[in-house]
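Trainee: I'd like to ask some things about the structure below.
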Amino acid sequence: MVSNIAGGRPPQHGVEPGTHLGALEAYAARAHGYLSAGGDRLARLAGLLRPVVLESWLRSVRGGVDPLDQPDGRGLRGADLQRYRDAHPIAALMPLIDKLLVQDTAGTGSIVVVADQFGRVLSVHGNADQVAAAASIGLRPGDDLSERRIGTNAVGLVVRTGRAAWIHGPEHFLQRMHQLTGAAAPVHDPDGRLVGVLMIAGGVRVAQPEILALVKAAATAAEMELLLATLRSNRAGPSSGHAPAAGRLSLDVLGLGQPQLSVAGDRVPLSQRHAEILLLLTEHPEGLGADHLALLLDDTDLDNGTIRAAVSHLRAVVGPTVFGSRPYRLRVPVATDVEALRAALDSGDVDAALRLYAGPVLPRSTAPGIIDLRDELRVRLRAAALNSGDSGVLRRWTAGAEGRDDAAAWAAYRATVDRDSPLYAQIEAKIRVLDRRLGADATWMQRSGS
């Protein structure tokens with residue numbers, strides 16, 4: 001339980017976990033009083049919260065997070081979550097995490113939370129009562145702990161900053177989390193990208209400096225394991241004549257970056273054509289004949305020899321057992337970020353879908369089958385954003401490349417904002433700019449006879 005000790009000095013910059021907890025609780029509780037009062041009272045938060053917590057609270061306020069928000073059941077669940085979790089790079093690290101964190105915290109009254117790079121909970125570990133108690137406040141596998149969704153918390157802060165963090169009791173933005181203390185640390189891949197977050201959470205004992213040190217040490221060990229796996233993969237790379245063995249496979253094709261295939265946590269860059277073939281096979285589990293695959297890859301007349309050569313080259317990259325022929329069909333599951341995006345849309349979690357949407361599907365591809373898939377996801381995501389009525393979702397959509405000039409989306413965003421808010425005037429100005437631009441375009445088309 002979080003104590004309710006008053007007094008002490010305002011929390012200082014750089015305060016370590018375990019110090020002045022009574023003061024942190026008292027000042028954070030007072031800050032919540034100002035938060036509920038709103039208006040000019042928000043200016044008083046600065047003297048009551050640690051700087052990193054204050055910045056997070058202000059982002060939470062601007063994002064429209066409700067401190068009284070209750071768990072709503074949204075998130076990845078069931079088979080969708082299982083597929084996503086199994087294909088995630090963190091899956092290969094679970095034996096190490098179990099050894100370093102889960103076993104060490106067993107019987108301490110704490111839980112271990114493993115989350116992905118977006119703050120999505122992949123798994124929660126502890127005894128049944130602890131796990132159930134965590135679920136009741138919104139710490140379930142599949143739940144979204146991002147700062148954008150639930151405000152200030154340790155996992156969300158790590159995702160936001162990329163640095164280890166701890167949040168104690170009423171420093172959490174949501175009141176339902178005030179009985180919780182969390183200490184979390186990031187896990188980065190060898191290229192420096194965030195791949196996951198580890199957190200120990202529980203009562204006031206988690207605020208001890210040793211707990212944060214333990215989580216950071218486990219995260220560092222996980223990063224070393226990822227580095228060693230990459231080095232082993234490089235040593236057994238193309239120069240040795242052996243393709244990667246089929247294991248947990250996942251394909252990333254959203255956005256402008258090079259398509260990537262992850263094999264048991266190791267990343268293998270793919271050419272555009274290879275990514276197109278592999279993605280089309282994931283979309284057609286029944287299999288594709290050479291003629292059908294040719295039509296999906298090119299609207300000109302690709303001959304079967306060209307298809308066979310491309311597939312042969314792909315086998316050399318992913319391994320000979322990943323898919324068979326006549327028809328071409330996957331023999332092992334391949335999870336994709338497209339599948340994860342669809343799962344988020346199917347579950348109604350538009351915010352998660354927008355975070356997963358790094359950009360269009362293989363944006364440089366001109367393959368007819370890929371264009372159809374790209375258009376399907378873009379239309380679904382846009383419709384979900386416009387129909388959400390959620391100011392945070394609409395802000396994120398209109399901030400992106402595809403929503404930046406979307407007049408209907410800006411109008412929907414305006415409808416979620418108080419007319420007296422300065423933000424309303426900004427949105428109104430943007431809509432006027434778009435209206436003028438559309439009017440100018442229409443005039444030009446009329447004059448040019450289009």
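Going by the structure tokens order, chains are called A, B, ..., each with residues numbered from 1, while ligands are numbered from 1 in the order shown.
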Could you give me, as a PDB file with C-alpha atoms, in the first residue's frame, the residues within 9 Å of Arg83 in chain A, counting only C-alpha atoms and dropping anything in the same chain fewer than 3 positions from it?

Mentor:
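Result file part_31.pdb:
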```pdb
ATOM      1  CA  GLY A  78      -6.283 -14.379 -27.528  1.00  0.00           C
ATOM      2  CA  ALA A  79      -4.745 -15.802 -30.680  1.00  0.00           C
ATOM      3  CA  ASP A  80      -3.878 -12.348 -32.062  1.00  0.00           C
ATOM      4  CA  ASP A  86       5.586 -15.385 -30.400  1.00  0.00           C
ATOM      5  CA  ALA A  87       6.940 -13.426 -33.368  1.00  0.00           C
ATOM      6  CA  HIS A  88       8.357 -10.571 -31.273  1.00  0.00           C
ATOM      7  CA  PRO A 333       4.039 -19.246 -39.641  1.00  0.00           C
ATOM      8  CA  ALA A 335       3.994 -12.981 -38.457  1.00  0.00           C
ATOM      9  CA  ALA A 340      -0.516  -6.858 -36.115  1.00  0.00           C
TER      10      ALA A 340
END
```

Trainee: Using the chain letters and numbers from this document, which residues of range 123-340 of chain A does DSSP assign to strand (DSSP E), as a VMD selection string?

Mentor: chain A and resid 123 to 125 165 to 168 181 to 188 194 to 202 249 to 252 260 to 263 266 to 269 323 to 324 329 to 330 334 to 336

Trainee: Which polymer residues have any atom within 9 Å of an atom of Leu356 in chain A, counting only C-alpha atoms, with same-chain residues fewer than 4 positions away left out, as a ChimeraX atom specification?

Mentor: /A:118,254,337-338,340-341,344,351-352

Trainee: Suppose we keep C-alpha atoms; can you now write the selection as an mmCIF file, in the first residue's frame?

Mentor:
```cif
data_model
loop_
_atom_site.group_PDB
_atom_site.id
_atom_site.type_symbol
_atom_site.label_atom_id
_atom_site.label_comp_id
_atom_site.auth_asym_id
_atom_site.auth_seq_id
_atom_site.Cartn_x
_atom_site.Cartn_y
_atom_site.Cartn_z
ATOM 1 C CA PHE A 118 5.250 0.611 -28.023
ATOM 2 C CA LEU A 254 5.367 -0.885 -43.115
ATOM 3 C CA ASP A 337 3.429 -5.999 -38.929
ATOM 4 C CA VAL A 338 0.511 -5.920 -41.391
ATOM 5 C CA ALA A 340 -0.516 -6.858 -36.115
ATOM 6 C CA LEU A 341 -2.029 -3.694 -37.602
ATOM 7 C CA ALA A 344 -5.409 -3.754 -33.641
ATOM 8 C CA ASP A 351 -4.455 4.260 -31.068
ATOM 9 C CA ALA A 352 -2.394 1.059 -31.182
#
```

Trainee: Residues near Glu147 in chain A, anyone? I mean within 7 Å using only C-alpha atoms, not counting same-chain ones fewer than 3 positions away, as a PDB file with C-alpha atoms, in the first residue's frame.

Mentor:
```
ATOM      1  CA  SER A  60      -0.871  13.514 -20.479  1.00  0.00           C
ATOM      2  CA  ILE A 150      -2.845   5.933 -19.819  1.00  0.00           C
ATOM      3  CA  GLY A 151      -0.630   8.868 -18.918  1.00  0.00           C
ATOM      4  CA  THR A 152       2.389   8.795 -16.639  1.00  0.00           C
ATOM      5  CA  ASN A 153       3.675   5.323 -15.712  1.00  0.00           C
ATOM      6  CA  GLY A 156       5.180   4.569 -20.830  1.00  0.00           C
ATOM      7  CA  LEU A 157       7.972   6.855 -19.658  1.00  0.00           C
TER       8      LEU A 157
END
```

Trainee: Among range 4-234 of chain A, which residues does DSSP mark as alpha helix (DSSP H) when it is run on the backbone? Keep the chain and numbering as in the structure and answer as a ChimeraX atom specification.

Mentor: /A:21-37,51-62,78-87,94-97,103-105,128-136,147-150,154-161,209-234

Trainee: Mind pulling up the distance from CA of Phe173 in chain A to CA of Glu25 in chain A?

Mentor: 12.7 Å

Trainee: Any chance you could tabulate, as JSON lines, the residues of range 54-108 of chain A at most 10 Å from range 382-395 of chain A with each one's nearest atom pair and distance in Å to one decimal, using only C-alpha atoms, in chain and rising number order?

Mentor:
```
{"residue": "A:Arg62", "atom": "CA", "partner": "A:Gly392", "partner_atom": "CA", "distance": 9.0}
{"residue": "A:Gly63", "atom": "CA", "partner": "A:Gly392", "partner_atom": "CA", "distance": 5.8}
{"residue": "A:Gly64", "atom": "CA", "partner": "A:Gly392", "partner_atom": "CA", "distance": 6.8}
{"residue": "A:Val65", "atom": "CA", "partner": "A:Gly392", "partner_atom": "CA", "distance": 8.7}
```

Trainee: Put those residues in a file: C-alpha atoms, as an mmCIF file, in the first residue's frame.

Mentor:
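So again22.cif came out as:
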```
data_model
loop_
_atom_site.group_PDB
_atom_site.id
_atom_site.type_symbol
_atom_site.label_atom_id
_atom_site.label_comp_id
_atom_site.auth_asym_id
_atom_site.auth_seq_id
_atom_site.Cartn_x
_atom_site.Cartn_y
_atom_site.Cartn_z
ATOM 1 C CA ARG A 62 -2.437 17.815 -23.481
ATOM 2 C CA GLY A 63 -3.217 14.338 -24.800
ATOM 3 C CA GLY A 64 -6.619 14.331 -23.121
ATOM 4 C CA VAL A 65 -5.937 11.412 -20.755
#
```

Trainee: Would you pick out the contacts of range 106-108 of chain A at 12 Å or less, using only C-alpha atoms, so that residues sharing its chain but fewer than 3 positions from it are not included, and give the list as a list in words?

Mentor: Asp98, Lys99, Leu100, Leu101, Val102, Gln103, Ile111, Val112, His125, Gly126, Asn127, Ala128, Asp129, Gln130, Val131, Ile200, Ala201, Gly202, Gly203, Val204, Arg205, Val206 and Ile211 of chain A

Trainee: Selected residues, C-alpha atoms, written as a PDB file, in the first residue's frame, please.

Mentor:
```pdb
ATOM      1  CA  ASP A  98      12.778 -15.642 -16.405  1.00  0.00           C
ATOM      2  CA  LYS A  99      16.144 -16.503 -14.899  1.00  0.00           C
ATOM      3  CA  LEU A 100      17.211 -12.945 -14.063  1.00  0.00           C
ATOM      4  CA  LEU A 101      13.922 -11.346 -13.025  1.00  0.00           C
ATOM      5  CA  VAL A 102      10.939 -13.666 -12.730  1.00  0.00           C
ATOM      6  CA  GLN A 103      12.616 -16.262 -10.512  1.00  0.00           C
ATOM      7  CA  ILE A 111       5.235  -8.823 -10.570  1.00  0.00           C
ATOM      8  CA  VAL A 112       7.401  -8.698 -13.673  1.00  0.00           C
ATOM      9  CA  HIS A 125       4.617 -12.826 -14.292  1.00  0.00           C
ATOM     10  CA  GLY A 126       3.898 -13.437 -10.590  1.00  0.00           C
ATOM     11  CA  ASN A 127       1.639 -15.580  -8.456  1.00  0.00           C
ATOM     12  CA  ALA A 128      -2.012 -15.847  -9.451  1.00  0.00           C
ATOM     13  CA  ASP A 129      -3.265 -13.321  -6.884  1.00  0.00           C
ATOM     14  CA  GLN A 130      -0.668 -10.732  -7.887  1.00  0.00           C
ATOM     15  CA  VAL A 131      -1.379 -11.172 -11.581  1.00  0.00           C
ATOM     16  CA  ILE A 200       9.137  -4.818 -11.759  1.00  0.00           C
ATOM     17  CA  ALA A 201       5.951  -3.498 -10.176  1.00  0.00           C
ATOM     18  CA  GLY A 202       4.359  -3.844  -6.770  1.00  0.00           C
ATOM     19  CA  GLY A 203       4.148  -2.037  -3.472  1.00  0.00           C
ATOM     20  CA  VAL A 204       6.416   0.507  -1.834  1.00  0.00           C
ATOM     21  CA  ARG A 205       9.327  -1.961  -1.655  1.00  0.00           C
ATOM     22  CA  VAL A 206       9.806  -1.560  -5.395  1.00  0.00           C
ATOM     23  CA  ILE A 211      15.108  -2.824  -7.627  1.00  0.00           C
TER      24      ILE A 211
END
```

Trainee: For Glu171 in chain A, list every protein, DNA or RNA residue within 10 Å, evaluated using only C-alpha atoms, and leave out those in the same chain fewer than 3 positions away; present the list as a VMD selection string.

Mentor: chain A and resid 24 to 29 31 to 32 49 to 50 53 to 54 56 to 57 152 to 154 166 to 168 174 to 175 177 to 178 180 to 181

Trainee: Contacts of range 288-290 of chain A at 8 Å or less, counting only C-alpha atoms, minus same-chain residues fewer than 2 places along, as a ChimeraX atom specification?

Mentor: /A:281,284,286,292-294,304,307-308,326-329

Trainee: Could you please take those selected residues and save N, CA and C atoms as a PDB file, in the first residue's frame?

Mentor:
```pdb
ATOM      1  N   LEU A 281       2.629 -14.301 -49.913  1.00  0.00           N
ATOM      2  CA  LEU A 281       2.400 -15.667 -49.431  1.00  0.00           C
ATOM      3  C   LEU A 281       1.753 -15.674 -48.047  1.00  0.00           C
ATOM      4  N   HIS A 284      -1.878 -15.181 -48.565  1.00  0.00           N
ATOM      5  CA  HIS A 284      -2.557 -16.277 -49.268  1.00  0.00           C
ATOM      6  C   HIS A 284      -2.092 -17.614 -48.701  1.00  0.00           C
ATOM      7  N   GLU A 286      -3.459 -20.323 -48.534  1.00  0.00           N
ATOM      8  CA  GLU A 286      -3.846 -21.462 -49.369  1.00  0.00           C
ATOM      9  C   GLU A 286      -2.816 -21.745 -50.448  1.00  0.00           C
ATOM     10  N   HIS A 292      -0.590 -17.030 -60.873  1.00  0.00           N
ATOM     11  CA  HIS A 292      -1.279 -16.100 -59.969  1.00  0.00           C
ATOM     12  C   HIS A 292      -0.268 -15.173 -59.299  1.00  0.00           C
ATOM     13  N   LEU A 293       0.837 -15.733 -58.823  1.00  0.00           N
ATOM     14  CA  LEU A 293       1.869 -14.911 -58.187  1.00  0.00           C
ATOM     15  C   LEU A 293       2.411 -13.875 -59.169  1.00  0.00           C
ATOM     16  N   ALA A 294       2.581 -14.269 -60.436  1.00  0.00           N
ATOM     17  CA  ALA A 294       3.081 -13.336 -61.450  1.00  0.00           C
ATOM     18  C   ALA A 294       2.130 -12.156 -61.621  1.00  0.00           C
ATOM     19  N   ASN A 304       7.025 -17.560 -66.097  1.00  0.00           N
ATOM     20  CA  ASN A 304       7.216 -18.467 -64.968  1.00  0.00           C
ATOM     21  C   ASN A 304       8.685 -18.638 -64.616  1.00  0.00           C
ATOM     22  N   ILE A 307       9.625 -15.931 -62.237  1.00  0.00           N
ATOM     23  CA  ILE A 307       9.068 -16.220 -60.909  1.00  0.00           C
ATOM     24  C   ILE A 307       9.903 -17.284 -60.201  1.00  0.00           C
ATOM     25  N   ARG A 308      10.235 -18.357 -60.938  1.00  0.00           N
ATOM     26  CA  ARG A 308      11.022 -19.431 -60.318  1.00  0.00           C
ATOM     27  C   ARG A 308      12.385 -18.920 -59.848  1.00  0.00           C
ATOM     28  N   ARG A 326       4.361 -25.479 -55.962  1.00  0.00           N
ATOM     29  CA  ARG A 326       3.248 -26.136 -56.667  1.00  0.00           C
ATOM     30  C   ARG A 326       2.065 -26.450 -55.744  1.00  0.00           C
ATOM     31  N   PRO A 327       1.384 -25.462 -55.239  1.00  0.00           N
ATOM     32  CA  PRO A 327       1.659 -24.023 -55.368  1.00  0.00           C
ATOM     33  C   PRO A 327       2.714 -23.572 -54.357  1.00  0.00           C
ATOM     34  N   TYR A 328       3.179 -22.326 -54.538  1.00  0.00           N
ATOM     35  CA  TYR A 328       4.059 -21.741 -53.534  1.00  0.00           C
ATOM     36  C   TYR A 328       3.228 -21.479 -52.274  1.00  0.00           C
ATOM     37  N   ARG A 329       3.662 -22.059 -51.153  1.00  0.00           N
ATOM     38  CA  ARG A 329       2.873 -21.971 -49.918  1.00  0.00           C
ATOM     39  C   ARG A 329       3.827 -21.989 -48.726  1.00  0.00           C
TER      40      ARG A 329
END
```

Trainee: Distance CA of Leu296 in chain A-CA of Ile370 in chain A, one decimal place?

Mentor: 7.5 Å
